[in-house]
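Peer 1: This is the structure, below, for whatever I ask next.
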Amino acid sequence: MKNTASYLLLLENKRFKSLMLAFLVVLPFEVLSFFSLHLPIWIELPLFTTLIIIFGRKVFISGINSLFHLRFSDINLLMTIAIAGAIYLREWEEAVIIVILFALGNALEDFGIERSQSALEALVDNTPKTAQIKGKSGKTPVKEIKIGETIVVKPGDNIPLDGKVTLGMSLVDEATITGEPLPKNKYEGDFVYAGTINGNGYLEIEVTKRAEDSTLAKIIDLTYTSAEKKSHSQKFIEKFAQYYTPAVMLISALLVIIPVGLLGQPFVPWFTQALTLLIISCPCALVISTPITIFSAIGNATKRGVIIKGGRFIEELGNIRVIAFDKTRTLTKGEPVVSDIVPFNGFTKQDVLECASGIESFSEHPLAQSVIEEAKKHKLTPHQFINFEAVSGKGLKGDCLICTDKHHCMGNIKFITQEHSVEANVIRQVEAFEKQGKTTIIMSDNKKVTGVIGITDEIREDSKTMINTLLSMKVEPVMLTGDNEISASFVAKQIGIKQVKAGLLPEQKVAELAKLIDQYKHVAMVGDGVNDAPSLVTAPVGIAMGAIGSDVAVENADVALMNSNMRLIPFLIELGKKSNQTIRTNTAAAVGVKLLFLILALTGKSNLALAIFADVGVTVIVVVNSLRLYKFQKKYADINY
């Protein structure tokens with residue numbers, strides 16, 4: 001269905017329709033010319049001259065201008081010479097068919113670029129131009145709205161600016177930013193992003209970024225910029241074309257000079273072969289093969305919530321042999337959660353959690369918040385405490401108003417043993433948790449330990465699936481982390497990573513990454529984009545996780561996963577491989593056809609019409625083959641688009 005829609009869109013293009021009409025008018029004349037049949041000159045000459053002027057004037061102007069400036073690498077100069085030669089030989093049908101099919105080839109190129117840029121255009125279309133400021137009548141252009149002002153977003157409207165919800169609740173579709181199909185609940189205090197769609201709730205939003213600094217604006221800017229950055233293949237082909245085109249012109253000239261001037265052969269047949277060589281050697285398909293491929297691949301990634309900041313990174317992704325991962329906020333969520341509650345001395349899990357959440361309510365520490373959240377999840381009522389005291393680096397003290405034994409302590413094993421003796425089975429439990437890389441909090445009253453709480457940095461649900469997929473693709477995962485050896489090894493074992501380097505400072509992480517690059521060359525680094533910035537910059541491809549709202553991640557990474565979907569990493573590698581394969585196929589097809597007709601032209605067995613149709617045919621193949629990347633799907637693990 002998408003292919004049908006694409007071709008219907010092409011057929012609706014006025015330029016394309018006029019070219020097709022002209023082609024259908026000229027085609028019967030071309031067919032008749034094969035049998036040496038021609039209509040009267042007073043019919044052919046006015047018609048063909050008109051068509052040549054209408055569809056070829058831009059080519060002539062550019063070609064003549066290039067001739068005056070000695071720019072022999074210009075494709076338009078090559079075509080101008082070919083058309084002028086056909087006219088000189090009074091091959092009117094050939095001249096006009098050259099003009100029309102060359103214009104048709106250019107139209108196909110333009111269509112290919114436009115279609116491959118469609119994802120970028122969709123981003124621009126999703127940017128609201130005005131917003132409703134609270135307390136003001138009428139709408140205000142978003143560029144005039146300042147940070148701190150409150151805007152009103154009604155149900156079904158696009159959110160015009162980045163901001164924080166100050167009133168209301170709603171489901172918000174963030175697919176524009178993250179690529180995720182399911183909307184997210186937004187409550188007071190949550191952040192929302194420009195270009196996302198409000199569901200069925202009323203929202204008031206305090207603006208936190210100006211229009212030009214919004215997350216969507218940054219994505220649009222980076223995506224356009226990245227699409228314009230040329231890949232290694234594109235640079236090579238364009239440089240090759242600069243030498244290739246003048247060389248073809250020289251060979252074409254020699255194809256006339258040597259047989260005619262030195263061997264005394266007839267002029268017209270060899271001049272015709274020289275013109276044929278000029279036409280078939282036009283490097284249109286060769287030059288467009290890479291940019292359309294890159295645009296299509298970037299568009300594919302963009303619609304899935306991935307920013308790729310240049311064509312060369314797509315190519316490099318297809319060559320990746322090793323991926324180095326940070327642990328915290330990359331393979332793990334970076335948010336401590338309660339994983340275990342082990343009660344002692346006759347207490348229940350509920351007793352331990354109610355008391356622990358009560359004393360932790362005085363603390364702002366992330367570990368404390370994980371205990372409080374666990375109590376909320378089970379709908380428990382925290383105990384009330386008085387005489388609260390925080391012992392720096394050790395734990396908490398306080399008197400519980402609910403428990404029989406009032407005085408309570410909570411903290412690490414050293415802190416608790418200072419208060420009273422701890423049973424051996426408690427110590428064994430603490431040691432067991434620590435071997436699993438977990439942080440332990442011990443709760444005790446005035447006489448005994450009531451329970452041990454294990455807290456862990458939860459592994460992402462898709463980490464193991466992603467690592468297994470990489471291994472099946474012969475890509476080696478490595479962990480480079482600043483976390484301790486025990487915690488790192490436990491997480492690595494759980495998800496299937498064998499190589500682990502732990503306890504690394506940022507500069508040590510860069511050094512380890514450099515060793516991998518020396519050994520494997522094609523290496524990617526995946527991190528959360530904040531403390532991993534030096535590593536992301538060092539790696540041939542730096543991939544930032546969860547870049548939504550993070551300026552540091554977007555700026556330092558070569559690839560930014562706005563939605564933190566780990567399964568997109570194998571997809572990007574496959575997309576890179578497919579892009580490289582497409583570029584190679586396109587290049588081989590373009591060069592192969594040209595070599596064939598070069599041989600035919602040099603042996604005097606080609607003709608202008610056949611050369612033209614072959615050149616346009618290759619252009620069509622290149623465009624269609626490149627546009628297929630826009631719909632490329634990952635073949636390994638399933639991705640929730």
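Every chain in the structure tokens takes a letter, A first, then B, and so on in the order presented; its residues are numbered from 1, and the ligands are numbered from 1 following the presented order.
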For the structure I just gave you, how does DSSP split region 260-363 of chain A - specifically, which residues are helix (DSSP H, G or I)? Reply as a PyMOL selection string.

Peer 2: chain A and resi 260-262+267-280+284-302+311-317+327-331+349-360

Peer 1: For region 386-388 of chain A, please output as a list in words all residues within 12 Å (counting only C-alpha atoms; exclusion window: fewer than 5 positions along the same chain).

Peer 2: Gly358, Ile359, Glu360, Ser361, Phe362, Ser363, Gly395, Leu396, Lys397, Gly398, Asp399, Cys400, Leu401, Ile402, Lys406, His407, His408, Cys409 and Met410 of chain A

Peer 1: Give me a file of those residues, with N, CA, C and O atoms, as a PDB file, in the first residue's frame.

Peer 2:
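Dumped to again_33.pdb:
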ATOM      1  N   GLY A 358       8.617   4.565  57.298  1.00  0.00           N
ATOM      2  CA  GLY A 358       8.349   5.659  58.221  1.00  0.00           C
ATOM      3  C   GLY A 358       9.595   6.458  58.555  1.00  0.00           C
ATOM      4  O   GLY A 358       9.608   7.690  58.484  1.00  0.00           O
ATOM      5  N   ILE A 359      10.683   5.763  58.902  1.00  0.00           N
ATOM      6  CA  ILE A 359      11.921   6.481  59.252  1.00  0.00           C
ATOM      7  C   ILE A 359      12.593   7.072  58.004  1.00  0.00           C
ATOM      8  O   ILE A 359      13.219   8.140  58.069  1.00  0.00           O
ATOM      9  N   GLU A 360      12.420   6.404  56.831  1.00  0.00           N
ATOM     10  CA  GLU A 360      13.015   6.908  55.596  1.00  0.00           C
ATOM     11  C   GLU A 360      12.309   8.156  55.068  1.00  0.00           C
ATOM     12  O   GLU A 360      12.844   8.874  54.222  1.00  0.00           O
ATOM     13  N   SER A 361      11.090   8.423  55.566  1.00  0.00           N
ATOM     14  CA  SER A 361      10.356   9.600  55.093  1.00  0.00           C
ATOM     15  C   SER A 361      11.067  10.901  55.454  1.00  0.00           C
ATOM     16  O   SER A 361      10.770  11.955  54.890  1.00  0.00           O
ATOM     17  N   PHE A 362      12.027  10.835  56.394  1.00  0.00           N
ATOM     18  CA  PHE A 362      12.794  12.027  56.774  1.00  0.00           C
ATOM     19  C   PHE A 362      13.988  12.254  55.839  1.00  0.00           C
ATOM     20  O   PHE A 362      14.652  13.278  55.919  1.00  0.00           O
ATOM     21  N   SER A 363      14.274  11.269  54.959  1.00  0.00           N
ATOM     22  CA  SER A 363      15.475  11.336  54.127  1.00  0.00           C
ATOM     23  C   SER A 363      15.130  11.609  52.663  1.00  0.00           C
ATOM     24  O   SER A 363      14.088  11.180  52.170  1.00  0.00           O
ATOM     25  N   GLY A 395      23.631   5.858  58.761  1.00  0.00           N
ATOM     26  CA  GLY A 395      22.235   5.479  58.812  1.00  0.00           C
ATOM     27  C   GLY A 395      21.376   6.480  59.542  1.00  0.00           C
ATOM     28  O   GLY A 395      21.730   7.668  59.669  1.00  0.00           O
ATOM     29  N   LEU A 396      20.242   5.992  60.053  1.00  0.00           N
ATOM     30  CA  LEU A 396      19.240   6.841  60.683  1.00  0.00           C
ATOM     31  C   LEU A 396      18.855   6.289  62.047  1.00  0.00           C
ATOM     32  O   LEU A 396      18.924   5.082  62.289  1.00  0.00           O
ATOM     33  N   LYS A 397      18.416   7.190  62.943  1.00  0.00           N
ATOM     34  CA  LYS A 397      17.894   6.804  64.252  1.00  0.00           C
ATOM     35  C   LYS A 397      16.587   7.538  64.487  1.00  0.00           C
ATOM     36  O   LYS A 397      16.357   8.620  63.939  1.00  0.00           O
ATOM     37  N   GLY A 398      15.728   6.946  65.316  1.00  0.00           N
ATOM     38  CA  GLY A 398      14.485   7.618  65.648  1.00  0.00           C
ATOM     39  C   GLY A 398      13.628   6.764  66.560  1.00  0.00           C
ATOM     40  O   GLY A 398      13.908   5.572  66.754  1.00  0.00           O
ATOM     41  N   ASP A 399      12.593   7.372  67.132  1.00  0.00           N
ATOM     42  CA  ASP A 399      11.664   6.658  68.020  1.00  0.00           C
ATOM     43  C   ASP A 399      10.338   6.463  67.313  1.00  0.00           C
ATOM     44  O   ASP A 399       9.688   7.429  66.880  1.00  0.00           O
ATOM     45  N   CYS A 400       9.913   5.188  67.183  1.00  0.00           N
ATOM     46  CA  CYS A 400       8.675   4.842  66.493  1.00  0.00           C
ATOM     47  C   CYS A 400       7.501   4.947  67.464  1.00  0.00           C
ATOM     48  O   CYS A 400       7.569   4.445  68.601  1.00  0.00           O
ATOM     49  N   LEU A 401       6.422   5.592  67.025  1.00  0.00           N
ATOM     50  CA  LEU A 401       5.242   5.762  67.867  1.00  0.00           C
ATOM     51  C   LEU A 401       4.284   4.581  67.767  1.00  0.00           C
ATOM     52  O   LEU A 401       3.264   4.558  68.458  1.00  0.00           O
ATOM     53  N   ILE A 402       4.601   3.590  66.931  1.00  0.00           N
ATOM     54  CA  ILE A 402       3.715   2.448  66.713  1.00  0.00           C
ATOM     55  C   ILE A 402       4.259   1.184  67.371  1.00  0.00           C
ATOM     56  O   ILE A 402       3.526   0.433  68.021  1.00  0.00           O
ATOM     57  N   LYS A 406      10.427   1.267  71.126  1.00  0.00           N
ATOM     58  CA  LYS A 406      10.366   2.577  70.470  1.00  0.00           C
ATOM     59  C   LYS A 406      11.596   2.900  69.619  1.00  0.00           C
ATOM     60  O   LYS A 406      11.491   3.308  68.474  1.00  0.00           O
ATOM     61  N   HIS A 407      12.764   2.754  70.191  1.00  0.00           N
ATOM     62  CA  HIS A 407      13.973   3.217  69.514  1.00  0.00           C
ATOM     63  C   HIS A 407      14.338   2.285  68.351  1.00  0.00           C
ATOM     64  O   HIS A 407      14.358   1.065  68.508  1.00  0.00           O
ATOM     65  N   HIS A 408      14.618   2.890  67.173  1.00  0.00           N
ATOM     66  CA  HIS A 408      14.968   2.119  65.983  1.00  0.00           C
ATOM     67  C   HIS A 408      16.203   2.695  65.302  1.00  0.00           C
ATOM     68  O   HIS A 408      16.457   3.900  65.377  1.00  0.00           O
ATOM     69  N   CYS A 409      16.921   1.787  64.671  1.00  0.00           N
ATOM     70  CA  CYS A 409      18.070   2.185  63.851  1.00  0.00           C
ATOM     71  C   CYS A 409      17.914   1.575  62.462  1.00  0.00           C
ATOM     72  O   CYS A 409      17.369   0.470  62.319  1.00  0.00           O
ATOM     73  N   MET A 410      18.424   2.291  61.483  1.00  0.00           N
ATOM     74  CA  MET A 410      18.380   1.776  60.115  1.00  0.00           C
ATOM     75  C   MET A 410      19.647   2.219  59.389  1.00  0.00           C
ATOM     76  O   MET A 410      20.007   3.399  59.414  1.00  0.00           O
TER      77      MET A 410
END

Peer 1: Can you list, as a PyMOL selection string, all residues belonging to region 390-467 of chain A that DSSP tags as strand (DSSP E or B)?

Peer 2: chain A and resi 390-391+395-400+407-411+439-444+449-459

Peer 1: In Å, rounded to a single decimal, give me how far CA of Lys379 (chain A) is from CA of Gly201 (chain A).

Peer 2: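 Pair CA of Gly201 (chain A) / CA of Lys379 (chain A) returns 26.8 Å.
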
Peer 1: What does the distance from CA of Glu434 (chain A) to CA of Met466 (chain A) come to in Å, to one decimal?

Peer 2: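 About the pair CA of Glu434 (chain A) and CA of Met466 (chain A): they are 26.4 Å apart.
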
Peer 1: List the spatial neighbours of Val526 (chain A) as a list in words - criterion: any atom at most 7 Å away, only C-alpha atoms, same-chain residues fewer than 3 positions off excluded.

Peer 2: Ala324, Phe325, Asp326, Gly542, Ile543, Ala544 and Met545 of chain A

Peer 1: Hey, what's within 6 Å of region 141-155 of chain A if we count only C-alpha atoms and toss same-chain stuff fewer than 2 positions away? As a PyMOL selection string, please?

Peer 2: chain A and resi 129-134+157+198-209+211

Peer 1: Just all heavy atoms for this one: save the residues we selected as a short mmCIF file (atom, residue, chain, number, x, y, z; two decimals), in the first residue's frame.

Peer 2:
data_model
loop_
_atom_site.label_atom_id
_atom_site.label_comp_id
_atom_site.auth_asym_id
_atom_site.auth_seq_id
_atom_site.Cartn_x
_atom_site.Cartn_y
_atom_site.Cartn_z
N LYS A 129 2.59 26.22 15.45
CA LYS A 129 3.09 27.57 15.19
C LYS A 129 2.58 28.60 16.20
O LYS A 129 3.15 29.67 16.36
CB LYS A 129 2.71 28.02 13.77
CG LYS A 129 3.16 27.04 12.67
CD LYS A 129 4.66 26.85 12.65
CE LYS A 129 5.12 25.97 11.50
NZ LYS A 129 4.78 24.55 11.68
N THR A 130 1.45 28.29 16.86
CA THR A 130 0.88 29.21 17.85
C THR A 130 0.49 28.46 19.11
O THR A 130 0.41 27.23 19.11
CB THR A 130 -0.38 29.91 17.28
OG1 THR A 130 -1.36 28.91 16.94
CG2 THR A 130 -0.04 30.74 16.05
N ALA A 131 0.25 29.21 20.20
CA ALA A 131 -0.16 28.60 21.47
C ALA A 131 -1.08 29.56 22.22
O ALA A 131 -1.05 30.78 22.00
CB ALA A 131 1.07 28.28 22.32
N GLN A 132 -1.88 28.98 23.10
CA GLN A 132 -2.81 29.78 23.91
C GLN A 132 -2.19 30.05 25.28
O GLN A 132 -1.98 29.13 26.07
CB GLN A 132 -4.13 29.02 24.10
CG GLN A 132 -5.15 29.72 24.97
CD GLN A 132 -5.73 30.95 24.30
OE1 GLN A 132 -6.24 30.87 23.19
NE2 GLN A 132 -5.63 32.08 24.97
N ILE A 133 -1.86 31.31 25.55
CA ILE A 133 -1.32 31.69 26.86
C ILE A 133 -2.48 31.84 27.84
O ILE A 133 -3.50 32.46 27.52
CB ILE A 133 -0.52 33.00 26.78
CG1 ILE A 133 0.68 32.82 25.84
CG2 ILE A 133 -0.03 33.42 28.16
CD1 ILE A 133 1.50 34.06 25.64
N LYS A 134 -2.33 31.29 29.03
CA LYS A 134 -3.39 31.36 30.03
C LYS A 134 -3.70 32.81 30.38
O LYS A 134 -2.80 33.61 30.64
CB LYS A 134 -2.94 30.61 31.29
CG LYS A 134 -4.01 30.55 32.37
CD LYS A 134 -3.52 29.79 33.59
CE LYS A 134 -4.60 29.75 34.67
NZ LYS A 134 -4.14 29.03 35.88
N ASP A 157 -5.23 18.64 21.06
CA ASP A 157 -4.30 19.61 20.47
C ASP A 157 -2.86 19.13 20.55
O ASP A 157 -2.50 18.36 21.43
CB ASP A 157 -4.41 20.96 21.18
CG ASP A 157 -5.68 21.71 20.84
OD1 ASP A 157 -6.40 21.25 19.92
OD2 ASP A 157 -5.96 22.73 21.49
N ASN A 198 -1.73 15.94 22.87
CA ASN A 198 -2.51 15.78 24.09
C ASN A 198 -3.73 14.90 23.80
O ASN A 198 -4.35 15.01 22.75
CB ASN A 198 -2.95 17.16 24.58
CG ASN A 198 -3.71 17.08 25.89
OD1 ASN A 198 -3.52 16.14 26.67
ND2 ASN A 198 -4.57 18.04 26.15
N GLY A 199 -4.03 14.03 24.74
CA GLY A 199 -5.18 13.13 24.57
C GLY A 199 -6.49 13.80 24.94
O GLY A 199 -6.86 14.85 24.40
N ASN A 200 -7.20 13.21 25.90
CA ASN A 200 -8.54 13.70 26.22
C ASN A 200 -8.60 14.55 27.48
O ASN A 200 -9.68 14.78 28.03
CB ASN A 200 -9.50 12.51 26.35
CG ASN A 200 -9.03 11.51 27.41
OD1 ASN A 200 -7.98 11.71 28.03
ND2 ASN A 200 -9.77 10.44 27.60
N GLY A 201 -7.45 15.02 27.97
CA GLY A 201 -7.45 15.81 29.20
C GLY A 201 -7.04 17.26 28.96
O GLY A 201 -6.37 17.59 27.98
N TYR A 202 -7.45 18.13 29.86
CA TYR A 202 -7.07 19.54 29.81
C TYR A 202 -5.76 19.72 30.56
O TYR A 202 -5.58 19.20 31.67
CB TYR A 202 -8.18 20.38 30.47
CG TYR A 202 -7.83 21.83 30.71
CD1 TYR A 202 -8.04 22.78 29.72
CD2 TYR A 202 -7.30 22.25 31.93
CE1 TYR A 202 -7.74 24.12 29.94
CE2 TYR A 202 -6.99 23.59 32.16
CZ TYR A 202 -7.21 24.51 31.16
OH TYR A 202 -6.90 25.83 31.39
N LEU A 203 -4.81 20.45 29.96
CA LEU A 203 -3.51 20.65 30.59
C LEU A 203 -3.13 22.13 30.62
O LEU A 203 -3.38 22.86 29.65
CB LEU A 203 -2.41 19.89 29.82
CG LEU A 203 -2.46 18.37 29.80
CD1 LEU A 203 -1.35 17.82 28.91
CD2 LEU A 203 -2.34 17.79 31.21
N GLU A 204 -2.54 22.54 31.73
CA GLU A 204 -1.86 23.82 31.80
C GLU A 204 -0.38 23.54 31.99
O GLU A 204 0.00 22.74 32.85
CB GLU A 204 -2.40 24.68 32.95
CG GLU A 204 -3.83 25.17 32.70
CD GLU A 204 -4.33 26.11 33.78
OE1 GLU A 204 -3.52 26.50 34.68
OE2 GLU A 204 -5.52 26.48 33.75
N ILE A 205 0.44 24.18 31.16
CA ILE A 205 1.86 23.84 31.10
C ILE A 205 2.71 25.08 31.27
O ILE A 205 2.52 26.08 30.56
CB ILE A 205 2.19 23.18 29.74
CG1 ILE A 205 1.37 21.89 29.56
CG2 ILE A 205 3.68 22.88 29.62
CD1 ILE A 205 1.35 21.37 28.13
N GLU A 206 3.65 25.01 32.22
CA GLU A 206 4.62 26.09 32.39
C GLU A 206 5.77 25.87 31.41
O GLU A 206 6.42 24.83 31.41
CB GLU A 206 5.16 26.12 33.83
CG GLU A 206 6.19 27.22 34.07
CD GLU A 206 6.82 27.14 35.44
OE1 GLU A 206 6.21 26.53 36.35
OE2 GLU A 206 7.93 27.68 35.61
N VAL A 207 6.01 26.85 30.56
CA VAL A 207 7.03 26.73 29.51
C VAL A 207 8.43 26.72 30.13
O VAL A 207 8.77 27.58 30.94
CB VAL A 207 6.91 27.90 28.51
CG1 VAL A 207 8.04 27.82 27.47
CG2 VAL A 207 5.56 27.88 27.82
N THR A 208 9.23 25.72 29.76
CA THR A 208 10.59 25.60 30.30
C THR A 208 11.67 25.84 29.23
O THR A 208 12.84 26.01 29.57
CB THR A 208 10.82 24.20 30.91
OG1 THR A 208 10.56 23.21 29.90
CG2 THR A 208 9.89 23.97 32.09
N LYS A 209 11.28 25.85 27.94
CA LYS A 209 12.24 26.12 26.87
C LYS A 209 11.57 26.97 25.79
O LYS A 209 10.39 26.78 25.49
CB LYS A 209 12.75 24.81 26.24
CG LYS A 209 13.67 24.00 27.12
CD LYS A 209 14.17 22.77 26.37
CE LYS A 209 15.12 21.93 27.23
NZ LYS A 209 15.60 20.73 26.50
N ALA A 211 10.88 28.23 21.91
CA ALA A 211 10.54 27.40 20.75
C ALA A 211 11.77 26.87 20.04
O ALA A 211 11.84 25.70 19.67
CB ALA A 211 9.67 28.21 19.78
#

Peer 1: From the options A:Arg460, A:Lys327, A:Val338, A:Gly318, which residue's atoms come nearest to Lys501 (chain A), counting only C-alpha atoms?

Peer 2: A:Lys327

Peer 1: Set out as CSV a contact list for region 403-484 of chain A and region 509-517 of chain A with a cut-off of 12 Å, giving each residue of region 403-484 of chain A that qualifies its closest atom pair and distance in Å to one decimal, counting only C-alpha atoms, ordered by chain and rising residue number.

Peer 2:
residue,atom,partner,partner_atom,distance
A:Glu476,CA,A:Leu516,CA,10.9
A:Pro477,CA,A:Leu516,CA,11.2
A:Val478,CA,A:Leu516,CA,9.5
A:Met479,CA,A:Lys509,CA,10.0
A:Leu480,CA,A:Lys509,CA,6.3
A:Thr481,CA,A:Lys509,CA,7.3
A:Gly482,CA,A:Lys509,CA,8.0
A:Asp483,CA,A:Lys509,CA,11.5
